[in-house]
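Peer 1: Below is one structure. I have some questions about it.
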Amino acid sequence: MTAPARYRPEIDEIRAVAVLSVIWFHAGLPGMRGGFLGVDVFFAISGFLITGIIVRSAEAGGFTLGGFYLRRIRRIVPALLVMCCFTLPFAFWLMLPDDLENYGQSLVATIASANNVLLYLTAGYFALEADYKPLVHTWSLGVEEQYYLIVPLLMAWAVRLRGRGAAMVILAVLTLGSLALAEWLRTVDPNANFYLLPSRFWELGLGGLAALAAEPLRNAVAQATARRLAMLGLLAVLASLFVLGEADNLPGWQSLMPVGGTVLLLVFTSEEGAGRLLCLAPMRWIGLISYSAYLYHQPLLSFVRIASLDQPAPALLAATVPVTLLLAWLSWRYVEQPFRDPATASTRQVLSVSLAGSALLGLAGAALVATSGLRARWPELSEGDPLFGARQNAAYVQEPFMFERKPFAGSERTGNMLVLGNSFARDFINMGRETGALAGISVSYEPFEYCEREAWPEAIFVRARQAGSVVLGSGVEARHVACVTEAVRRFEAAGVAHVIVLGTKNFGFNNNAVMLLPAERRYGQRVRPLAETVVANEAGRKAIPAPHYLDLLALMDDGTGTVPVFTPERKFISQDRKHLTKAGARWLGERVFAAPQFAFLQERQ
């Protein structure tokens, strides 16, 4: 058996920097645009510690997969299960069906160490929806646990075969390949790059390589040089939190700043220099409870947002930090510590609690999915609604794909309409279907994220020459105004008689909080659209001439700068605050097709 590694307090202090930066970022507090990179720091630390343990144990002949995974279970699973149990009653109380169903999926995926895969398939990390997901942060645990499935086998096999050198070669090849993949995926599939192990492996792998080479590296440099390298590492980590951000589409080569900086700290930190700066008792304490702090910060922030009608004030979000630290200390003291100690919790007890807890939580999550988030509790969504059922709103927004690239049926150009755009454009088609306004019109839908990464393809304008009307349905962002204006000009040059650009729409910050209101207030509730929606709408309205631009917010505004949440029949206009329900499509469609921009349809009918 290998001797246990000595306790290094500076690692807990690096963990404290990492977890505080993540909490700061998720709270939406100003200044630290790259706070999410604290997760990259955690990855490097985990790779350093875990890979080092595996190789040292294998070299001493004491490594077993069973022993390794038991230690990982003791370290991770009990605290994770308790956190999940903590979130269940709040989710049941506060969440609407679609959110609750998504929570159920996340619960199952978290238990299965696969929430990163689920999030890749369903949403982006930086989207507003992520703020309402209590378990969104467990994606990083999925990455680490998937790493644990691969690396122990590889490292133990390599050490037995050729020794530490072989392990380093294998890990170096995988690390370089992963970094190259991340560079490619950051433009091809940013969500896969962010969430999935293949493009994250290098961050853990670089930490693992540092662990295997740490001793010769320390012996190769003078103490003064080691102190300078450690200080450089600390500065790199801190700088990355303020310099890098969402727009950098990470991970990529820039991620070498936080990851490489962490490696320098892990290898070269001593009690002097950077070590002295890090060596503060409060930071060491936060580092000790950092795992539980990471577990609890996101649920607290999510439930505060879910219970708020408007964006919570920064002071309220900041107030969750001491609550997070209190819950983290309780978790560390009464869950983490006892279950990590074999003298307190036997192997049988740990495995029994882990298996039973995972099974029960998995069943709870599956029940939420099977009941569509307990949808029957909400008559506003289910009573008398023929679309009642699983994923009804998501399925409804997908229905207009039946018109995708459909050839125009009529030879007369005036009877053909080309609709371009994303899911908002499909909302427009649903408005036409629910109101009958497009009866007798041959509609063809082109799914197209215009003005994003790809230029307007010439084929779009070729098809437009067969249409009498073109609708750009994705809404307009302020940064895309010039691009959309130029497209309008080109469609007119192609002989299109009616070119209409739909403004963007939004139905407030949070429908979950609306449902917490008493019934006498709930159904007449009006909400302010998100500020970025108002800004984008104003930019589009000013830049695009009125005959072309249809201001959707103005159609719903009663002069107070607000829009309604429910139709007069007490049905949600939009359950997710962006896309229309069936009832919402009918309600808004009546206003849209009565607008002057669509007078040509009224005349035709």
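Ordering of the structure tokens sets the chain letters (A, B, ...); residue numbers start at 1 within each chain; ligands are numbered from 1 in the order shown.
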Could you give me, as a list in words, the residues within 10 Å of A:Leu176, counting only C-alpha atoms and dropping anything in the same chain fewer than 3 positions from it?
Peer 2: Leu171, Ala172, Val173, Leu179, Ala180, Leu181, Ala182, Phe201, Trp202, Gly205 and Leu206 of chain A
Peer 1: Keeping only N, CA and C atoms, take the residues you just selected and write them out as a PDB file, in the first residue's frame.
Peer 2:
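Output file part_17.pdb is given in full below:
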ATOM      1  N   LEU A 171      -1.851   9.480 -21.126  1.00  0.00           N
ATOM      2  CA  LEU A 171      -2.609  10.640 -20.664  1.00  0.00           C
ATOM      3  C   LEU A 171      -2.291  11.870 -21.500  1.00  0.00           C
ATOM      4  N   ALA A 172      -1.038  12.042 -21.891  1.00  0.00           N
ATOM      5  CA  ALA A 172      -0.652  13.198 -22.715  1.00  0.00           C
ATOM      6  C   ALA A 172      -1.321  13.154 -24.083  1.00  0.00           C
ATOM      7  N   VAL A 173      -1.369  11.979 -24.697  1.00  0.00           N
ATOM      8  CA  VAL A 173      -2.014  11.848 -26.015  1.00  0.00           C
ATOM      9  C   VAL A 173      -3.498  12.182 -25.915  1.00  0.00           C
ATOM     10  N   LEU A 179      -7.913  18.651 -26.217  1.00  0.00           N
ATOM     11  CA  LEU A 179      -7.776  20.086 -26.432  1.00  0.00           C
ATOM     12  C   LEU A 179      -8.019  20.442 -27.897  1.00  0.00           C
ATOM     13  N   ALA A 180      -7.490  19.623 -28.808  1.00  0.00           N
ATOM     14  CA  ALA A 180      -7.721  19.856 -30.238  1.00  0.00           C
ATOM     15  C   ALA A 180      -9.206  19.730 -30.569  1.00  0.00           C
ATOM     16  N   LEU A 181      -9.868  18.746 -29.970  1.00  0.00           N
ATOM     17  CA  LEU A 181     -11.301  18.567 -30.197  1.00  0.00           C
ATOM     18  C   LEU A 181     -12.086  19.775 -29.683  1.00  0.00           C
ATOM     19  N   ALA A 182     -11.697  20.287 -28.520  1.00  0.00           N
ATOM     20  CA  ALA A 182     -12.374  21.462 -27.960  1.00  0.00           C
ATOM     21  C   ALA A 182     -12.246  22.656 -28.901  1.00  0.00           C
ATOM     22  N   PHE A 201     -12.011  16.581 -21.208  1.00  0.00           N
ATOM     23  CA  PHE A 201     -11.042  15.619 -20.675  1.00  0.00           C
ATOM     24  C   PHE A 201      -9.684  16.275 -20.442  1.00  0.00           C
ATOM     25  N   TRP A 202      -9.273  17.162 -21.342  1.00  0.00           N
ATOM     26  CA  TRP A 202      -7.926  17.722 -21.260  1.00  0.00           C
ATOM     27  C   TRP A 202      -7.722  18.531 -19.989  1.00  0.00           C
ATOM     28  N   GLY A 205      -7.111  15.977 -17.531  1.00  0.00           N
ATOM     29  CA  GLY A 205      -5.878  15.300 -17.943  1.00  0.00           C
ATOM     30  C   GLY A 205      -4.640  16.127 -17.671  1.00  0.00           C
ATOM     31  N   LEU A 206      -4.721  17.443 -17.884  1.00  0.00           N
ATOM     32  CA  LEU A 206      -3.561  18.303 -17.606  1.00  0.00           C
ATOM     33  C   LEU A 206      -3.247  18.296 -16.116  1.00  0.00           C
TER      34      LEU A 206
END
Peer 1: Give me the residues near A:Gln105 as a PDB file with N, CA, C and O atoms, in the first residue's frame, where near means some atom within 10 Å (using only C-alpha atoms) and where sequence neighbours in that chain fewer than 6 positions away do not count.
Peer 2:
ATOM      1  N   ASP A  99     -41.503  22.957 -16.244  1.00  0.00           N
ATOM      2  CA  ASP A  99     -40.285  23.088 -15.437  1.00  0.00           C
ATOM      3  C   ASP A  99     -40.128  21.898 -14.497  1.00  0.00           C
ATOM      4  O   ASP A  99     -39.021  21.399 -14.273  1.00  0.00           O
ATOM      5  N   ASN A 115     -26.149  14.257 -16.221  1.00  0.00           N
ATOM      6  CA  ASN A 115     -26.879  15.507 -16.437  1.00  0.00           C
ATOM      7  C   ASN A 115     -26.195  16.377 -17.486  1.00  0.00           C
ATOM      8  O   ASN A 115     -26.850  17.204 -18.128  1.00  0.00           O
ATOM      9  N   LEU A 118     -27.830  15.286 -20.696  1.00  0.00           N
ATOM     10  CA  LEU A 118     -29.189  15.809 -20.799  1.00  0.00           C
ATOM     11  C   LEU A 118     -29.179  17.291 -21.147  1.00  0.00           C
ATOM     12  O   LEU A 118     -29.935  17.741 -22.023  1.00  0.00           O
ATOM     13  N   LEU A 119     -28.340  18.067 -20.480  1.00  0.00           N
ATOM     14  CA  LEU A 119     -28.289  19.502 -20.729  1.00  0.00           C
ATOM     15  C   LEU A 119     -27.790  19.798 -22.140  1.00  0.00           C
ATOM     16  O   LEU A 119     -28.252  20.744 -22.781  1.00  0.00           O
ATOM     17  N   GLY A 362     -34.512   8.455  -8.141  1.00  0.00           N
ATOM     18  CA  GLY A 362     -34.728   8.140  -9.551  1.00  0.00           C
ATOM     19  C   GLY A 362     -36.193   7.866  -9.850  1.00  0.00           C
ATOM     20  O   GLY A 362     -36.729   8.318 -10.866  1.00  0.00           O
ATOM     21  N   ALA A 364     -38.725   9.054  -8.110  1.00  0.00           N
ATOM     22  CA  ALA A 364     -39.429  10.335  -7.992  1.00  0.00           C
ATOM     23  C   ALA A 364     -39.282  11.145  -9.280  1.00  0.00           C
ATOM     24  O   ALA A 364     -40.254  11.728  -9.787  1.00  0.00           O
ATOM     25  N   GLY A 365     -38.061  11.188  -9.818  1.00  0.00           N
ATOM     26  CA  GLY A 365     -37.845  11.903 -11.069  1.00  0.00           C
ATOM     27  C   GLY A 365     -38.626  11.289 -12.212  1.00  0.00           C
ATOM     28  O   GLY A 365     -39.240  12.001 -13.028  1.00  0.00           O
ATOM     29  N   ALA A 366     -38.630   9.957 -12.286  1.00  0.00           N
ATOM     30  CA  ALA A 366     -39.368   9.275 -13.348  1.00  0.00           C
ATOM     31  C   ALA A 366     -40.864   9.541 -13.234  1.00  0.00           C
ATOM     32  O   ALA A 366     -41.561   9.697 -14.252  1.00  0.00           O
ATOM     33  N   ALA A 367     -41.384   9.620 -12.012  1.00  0.00           N
ATOM     34  CA  ALA A 367     -42.811   9.898 -11.816  1.00  0.00           C
ATOM     35  C   ALA A 367     -43.161  11.306 -12.305  1.00  0.00           C
ATOM     36  O   ALA A 367     -44.222  11.521 -12.910  1.00  0.00           O
ATOM     37  N   LEU A 368     -42.274  12.261 -12.079  1.00  0.00           N
ATOM     38  CA  LEU A 368     -42.520  13.625 -12.560  1.00  0.00           C
ATOM     39  C   LEU A 368     -42.519  13.675 -14.084  1.00  0.00           C
ATOM     40  O   LEU A 368     -43.293  14.421 -14.692  1.00  0.00           O
ATOM     41  N   VAL A 369     -41.668  12.879 -14.692  1.00  0.00           N
ATOM     42  CA  VAL A 369     -41.646  12.829 -16.160  1.00  0.00           C
ATOM     43  C   VAL A 369     -42.900  12.137 -16.676  1.00  0.00           C
ATOM     44  O   VAL A 369     -43.552  12.613 -17.617  1.00  0.00           O
ATOM     45  N   ALA A 370     -43.276  11.016 -16.060  1.00  0.00           N
ATOM     46  CA  ALA A 370     -44.423  10.235 -16.526  1.00  0.00           C
ATOM     47  C   ALA A 370     -45.727  11.004 -16.399  1.00  0.00           C
ATOM     48  O   ALA A 370     -46.649  10.808 -17.196  1.00  0.00           O
ATOM     49  N   GLY A 373     -44.915  16.437 -15.281  1.00  0.00           N
ATOM     50  CA  GLY A 373     -44.757  17.460 -14.249  1.00  0.00           C
ATOM     51  C   GLY A 373     -46.016  17.686 -13.445  1.00  0.00           C
ATOM     52  O   GLY A 373     -46.309  18.818 -13.046  1.00  0.00           O
TER      53      GLY A 373
END
Peer 1: Could you give me, as a list in words, the residues within 7 Å of A:Pro299, counting only C-alpha atoms and dropping anything in the same chain fewer than 5 positions from it?
Peer 2: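 Counting only C-alpha atoms, the residues come to Thr87, Pro134 and Leu135 of chain A.
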Peer 1: With distances taken over only C-alpha atoms, which of A:Arg489, A:Arg72, A:Arg340, A:Arg463 is nearest to A:Ile544?
Peer 2: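 Using only C-alpha atoms, A:Ile544 sits closest to A:Arg489.
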Peer 1: Please list as a PyMOL selection string every residue within 7 Å of stretch 432-447 of chain A, counting only C-alpha atoms and excluding residues in the same chain fewer than 4 positions away.
Peer 2: chain A and resi 403-410+415-422+428+585-586+589-590+593
Peer 1: Could you write out that same residue set with N, CA, C and O atoms as a PDB file, in the first residue's frame?
Peer 2:
ATOM      1  N   PHE A 403     -44.545  22.322 -42.623  1.00  0.00           N
ATOM      2  CA  PHE A 403     -44.432  23.222 -43.769  1.00  0.00           C
ATOM      3  C   PHE A 403     -42.989  23.414 -44.222  1.00  0.00           C
ATOM      4  O   PHE A 403     -42.721  24.218 -45.119  1.00  0.00           O
ATOM      5  N   GLU A 404     -42.043  22.688 -43.589  1.00  0.00           N
ATOM      6  CA  GLU A 404     -40.632  22.917 -43.872  1.00  0.00           C
ATOM      7  C   GLU A 404     -40.314  22.646 -45.348  1.00  0.00           C
ATOM      8  O   GLU A 404     -40.543  21.550 -45.862  1.00  0.00           O
ATOM      9  N   ARG A 405     -39.798  23.693 -46.005  1.00  0.00           N
ATOM     10  CA  ARG A 405     -39.375  23.653 -47.415  1.00  0.00           C
ATOM     11  C   ARG A 405     -40.449  23.034 -48.320  1.00  0.00           C
ATOM     12  O   ARG A 405     -40.147  22.381 -49.318  1.00  0.00           O
ATOM     13  N   LYS A 406     -41.678  23.227 -47.945  1.00  0.00           N
ATOM     14  CA  LYS A 406     -42.790  22.699 -48.740  1.00  0.00           C
ATOM     15  C   LYS A 406     -42.904  23.473 -50.050  1.00  0.00           C
ATOM     16  O   LYS A 406     -42.923  24.706 -50.043  1.00  0.00           O
ATOM     17  N   PRO A 407     -42.973  22.791 -51.175  1.00  0.00           N
ATOM     18  CA  PRO A 407     -43.105  23.510 -52.453  1.00  0.00           C
ATOM     19  C   PRO A 407     -44.403  24.323 -52.472  1.00  0.00           C
ATOM     20  O   PRO A 407     -45.429  23.902 -51.938  1.00  0.00           O
ATOM     21  N   PHE A 408     -44.329  25.486 -53.085  1.00  0.00           N
ATOM     22  CA  PHE A 408     -45.526  26.310 -53.198  1.00  0.00           C
ATOM     23  C   PHE A 408     -46.548  25.609 -54.081  1.00  0.00           C
ATOM     24  O   PHE A 408     -46.220  25.085 -55.151  1.00  0.00           O
ATOM     25  N   ALA A 409     -47.793  25.624 -53.610  1.00  0.00           N
ATOM     26  CA  ALA A 409     -48.846  24.896 -54.334  1.00  0.00           C
ATOM     27  C   ALA A 409     -49.411  25.708 -55.475  1.00  0.00           C
ATOM     28  O   ALA A 409     -49.837  25.156 -56.489  1.00  0.00           O
ATOM     29  N   GLY A 410     -49.421  27.025 -55.321  1.00  0.00           N
ATOM     30  CA  GLY A 410     -50.073  27.856 -56.324  1.00  0.00           C
ATOM     31  C   GLY A 410     -49.100  28.408 -57.352  1.00  0.00           C
ATOM     32  O   GLY A 410     -47.951  28.724 -57.038  1.00  0.00           O
ATOM     33  N   GLY A 415     -50.351  34.271 -53.911  1.00  0.00           N
ATOM     34  CA  GLY A 415     -50.901  33.332 -52.944  1.00  0.00           C
ATOM     35  C   GLY A 415     -49.859  32.518 -52.209  1.00  0.00           C
ATOM     36  O   GLY A 415     -50.214  31.613 -51.456  1.00  0.00           O
ATOM     37  N   ASN A 416     -48.575  32.830 -52.410  1.00  0.00           N
ATOM     38  CA  ASN A 416     -47.483  32.072 -51.776  1.00  0.00           C
ATOM     39  C   ASN A 416     -46.812  32.911 -50.698  1.00  0.00           C
ATOM     40  O   ASN A 416     -46.514  34.102 -50.919  1.00  0.00           O
ATOM     41  N   MET A 417     -46.546  32.294 -49.542  1.00  0.00           N
ATOM     42  CA  MET A 417     -45.866  33.001 -48.442  1.00  0.00           C
ATOM     43  C   MET A 417     -44.677  32.172 -47.977  1.00  0.00           C
ATOM     44  O   MET A 417     -44.809  30.983 -47.665  1.00  0.00           O
ATOM     45  N   LEU A 418     -43.507  32.815 -47.911  1.00  0.00           N
ATOM     46  CA  LEU A 418     -42.286  32.191 -47.399  1.00  0.00           C
ATOM     47  C   LEU A 418     -42.046  32.713 -45.986  1.00  0.00           C
ATOM     48  O   LEU A 418     -41.937  33.929 -45.773  1.00  0.00           O
ATOM     49  N   VAL A 419     -41.988  31.805 -45.005  1.00  0.00           N
ATOM     50  CA  VAL A 419     -41.753  32.171 -43.605  1.00  0.00           C
ATOM     51  C   VAL A 419     -40.360  31.711 -43.218  1.00  0.00           C
ATOM     52  O   VAL A 419     -40.022  30.530 -43.365  1.00  0.00           O
ATOM     53  N   LEU A 420     -39.553  32.633 -42.718  1.00  0.00           N
ATOM     54  CA  LEU A 420     -38.159  32.352 -42.382  1.00  0.00           C
ATOM     55  C   LEU A 420     -37.934  32.539 -40.894  1.00  0.00           C
ATOM     56  O   LEU A 420     -38.450  33.485 -40.293  1.00  0.00           O
ATOM     57  N   GLY A 421     -37.145  31.640 -40.288  1.00  0.00           N
ATOM     58  CA  GLY A 421     -36.733  31.891 -38.914  1.00  0.00           C
ATOM     59  C   GLY A 421     -36.761  30.670 -38.024  1.00  0.00           C
ATOM     60  O   GLY A 421     -36.877  29.530 -38.478  1.00  0.00           O
ATOM     61  N   ASN A 422     -36.685  30.956 -36.740  1.00  0.00           N
ATOM     62  CA  ASN A 422     -36.551  29.909 -35.727  1.00  0.00           C
ATOM     63  C   ASN A 422     -37.916  29.551 -35.134  1.00  0.00           C
ATOM     64  O   ASN A 422     -38.937  29.647 -35.804  1.00  0.00           O
ATOM     65  N   PHE A 428     -45.504  32.149 -35.448  1.00  0.00           N
ATOM     66  CA  PHE A 428     -46.292  32.915 -36.429  1.00  0.00           C
ATOM     67  C   PHE A 428     -47.177  31.984 -37.256  1.00  0.00           C
ATOM     68  O   PHE A 428     -48.361  32.265 -37.491  1.00  0.00           O
ATOM     69  N   ALA A 585     -51.626  31.415 -29.216  1.00  0.00           N
ATOM     70  CA  ALA A 585     -51.509  31.652 -30.654  1.00  0.00           C
ATOM     71  C   ALA A 585     -52.799  32.232 -31.222  1.00  0.00           C
ATOM     72  O   ALA A 585     -52.780  33.119 -32.081  1.00  0.00           O
ATOM     73  N   ARG A 586     -53.922  31.747 -30.724  1.00  0.00           N
ATOM     74  CA  ARG A 586     -55.201  32.282 -31.191  1.00  0.00           C
ATOM     75  C   ARG A 586     -55.375  33.727 -30.730  1.00  0.00           C
ATOM     76  O   ARG A 586     -55.777  34.597 -31.514  1.00  0.00           O
ATOM     77  N   GLY A 589     -52.696  35.942 -32.436  1.00  0.00           N
ATOM     78  CA  GLY A 589     -52.910  35.921 -33.876  1.00  0.00           C
ATOM     79  C   GLY A 589     -54.028  36.841 -34.304  1.00  0.00           C
ATOM     80  O   GLY A 589     -53.953  37.485 -35.376  1.00  0.00           O
ATOM     81  N   GLU A 590     -55.085  36.951 -33.512  1.00  0.00           N
ATOM     82  CA  GLU A 590     -56.178  37.863 -33.852  1.00  0.00           C
ATOM     83  C   GLU A 590     -55.681  39.300 -33.950  1.00  0.00           C
ATOM     84  O   GLU A 590     -56.176  40.078 -34.772  1.00  0.00           O
ATOM     85  N   PHE A 593     -52.935  39.580 -37.247  1.00  0.00           N
ATOM     86  CA  PHE A 593     -53.477  39.587 -38.606  1.00  0.00           C
ATOM     87  C   PHE A 593     -54.482  40.709 -38.833  1.00  0.00           C
ATOM     88  O   PHE A 593     -54.927  40.915 -39.963  1.00  0.00           O
TER      89      PHE A 593
END
Peer 1: With only C-alpha atoms as the atoms that count, which of A:Ile54, A:Val17, A:Leu516, A:Val41 lies nearest to A:Leu309?
Peer 2: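 Of the candidates, the smallest distance to A:Leu309 is held by A:Leu516.
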Peer 1: Excluding A:Glu13 and any residue of its chain fewer than 4 positions from it, enumerate the residues within 12 Å of it, using only C-alpha atoms, and give them as a ChimeraX atom specification.
Peer 2: /A:8-9,17-20,41-42,45,234,262,265-266,269,274-290
Peer 1: Can you list, as an NGL selection string, every protein, DNA or RNA residue that comes within 10 Å of A:His26 when you count only C-alpha atoms, leaving out same-chain residues fewer than 4 positions away?
Peer 2: :A and (20-22 or 35-36 or 126 or 130-131 or 137 or 297-298 or 301-302 or 317)
Peer 1: Env of A:Ser46: 9 Å cut, atoms = only C-alpha atoms, seq-sep filter 6 positions within chain, self excluded. Answer as number ranges by chain.
Peer 2: A: 144, 204, 207-208
Peer 1: Please save N, CA and C atoms of the selected residues as a JSON list (two decimals), in the first residue's frame.
Peer 2:
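This went into out-v9.json:
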[["chain", "number", "residue", "atom", "x", "y", "z"],
["A", 144, "GLU", "N", -16.91, 14.67, -14.33],
["A", 144, "GLU", "CA", -15.90, 14.05, -13.47],
["A", 144, "GLU", "C", -16.14, 12.56, -13.31],
["A", 204, "LEU", "N", -9.00, 17.90, -16.95],
["A", 204, "LEU", "CA", -8.64, 16.93, -15.91],
["A", 204, "LEU", "C", -7.32, 16.25, -16.23],
["A", 207, "GLY", "N", -4.30, 18.31, -15.29],
["A", 207, "GLY", "CA", -4.07, 18.18, -13.85],
["A", 207, "GLY", "C", -3.44, 16.85, -13.51],
["A", 208, "GLY", "N", -3.88, 15.76, -14.19],
["A", 208, "GLY", "CA", -3.29, 14.44, -13.97],
["A", 208, "GLY", "C", -1.83, 14.38, -14.37]]
Peer 1: Could you write out, as an mmCIF file with C-alpha atoms, in the first residue's frame, all the residues of stretch 4-42 of chain A that DSSP marks as alpha helix (DSSP H)?
Peer 2:
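File produced: selection.cif:
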data_model
loop_
_atom_site.group_PDB
_atom_site.id
_atom_site.type_symbol
_atom_site.label_atom_id
_atom_site.label_comp_id
_atom_site.auth_asym_id
_atom_site.auth_seq_id
_atom_site.Cartn_x
_atom_site.Cartn_y
_atom_site.Cartn_z
ATOM 1 C CA PRO A 9 -4.075 23.339 2.796
ATOM 2 C CA GLU A 10 -3.341 25.435 -0.290
ATOM 3 C CA ILE A 11 -5.489 23.056 -2.379
ATOM 4 C CA ASP A 12 -8.484 23.849 -0.201
ATOM 5 C CA GLU A 13 -7.710 27.522 -0.649
ATOM 6 C CA ILE A 14 -7.654 27.134 -4.444
ATOM 7 C CA ARG A 15 -10.986 25.316 -4.141
ATOM 8 C CA ALA A 16 -12.333 28.299 -2.204
ATOM 9 C CA VAL A 17 -11.392 30.660 -5.048
ATOM 10 C CA ALA A 18 -13.083 28.299 -7.514
ATOM 11 C CA VAL A 19 -16.356 27.857 -5.639
ATOM 12 C CA LEU A 20 -16.710 31.533 -4.717
ATOM 13 C CA SER A 21 -16.210 32.547 -8.351
ATOM 14 C CA VAL A 22 -18.875 30.069 -9.526
ATOM 15 C CA ILE A 23 -21.334 31.299 -6.877
ATOM 16 C CA TRP A 24 -20.623 34.917 -7.845
ATOM 17 C CA PHE A 25 -21.253 34.164 -11.518
ATOM 18 C CA HIS A 26 -24.447 32.169 -10.979
ATOM 19 C CA GLY A 38 -14.178 28.087 -11.390
ATOM 20 C CA VAL A 39 -15.461 24.737 -12.695
ATOM 21 C CA ASP A 40 -12.371 24.472 -14.931
ATOM 22 C CA VAL A 41 -10.246 25.036 -11.828
ATOM 23 C CA PHE A 42 -12.123 22.223 -10.065
#
Peer 1: Please indicate the distance in Å from atom CA of A:Leu244 to atom CA of A:Phe194, rounded to one decimal place.
Peer 2: 14.6 Å
Peer 1: Assign secondary structure with DSSP using the backbone only, and return the residues of stretch 320-553 of chain A in strand (DSSP E) as a list in words.
Peer 2: Asn416, Met417, Leu418, Val419, Leu420, Gly421, Ser442, Val443, Ser444, Tyr445, Glu446, Pro447, Ser469, Val470, Val471, Leu472, His498, Val499, Ile500, Val501, Leu502, Arg526, Val527, Tyr549 and Leu550 of chain A
Peer 1: What does the distance from atom CA of A:Leu100 to atom CA of A:Ser474 come to in Å, to one decimal?
Peer 2: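 Computing the Euclidean distance for atom CA of A:Leu100 and atom CA of A:Ser474 yields 27.3 Å.
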Peer 1: Would you mind telling me which residue in A:Val267, A:Val534, A:Met231, A:Ala91 lies nearest to A:Pro216 when using only C-alpha atoms?
Peer 2: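 Residue with the minimum atom-to-atom distance to A:Pro216: A:Val267.
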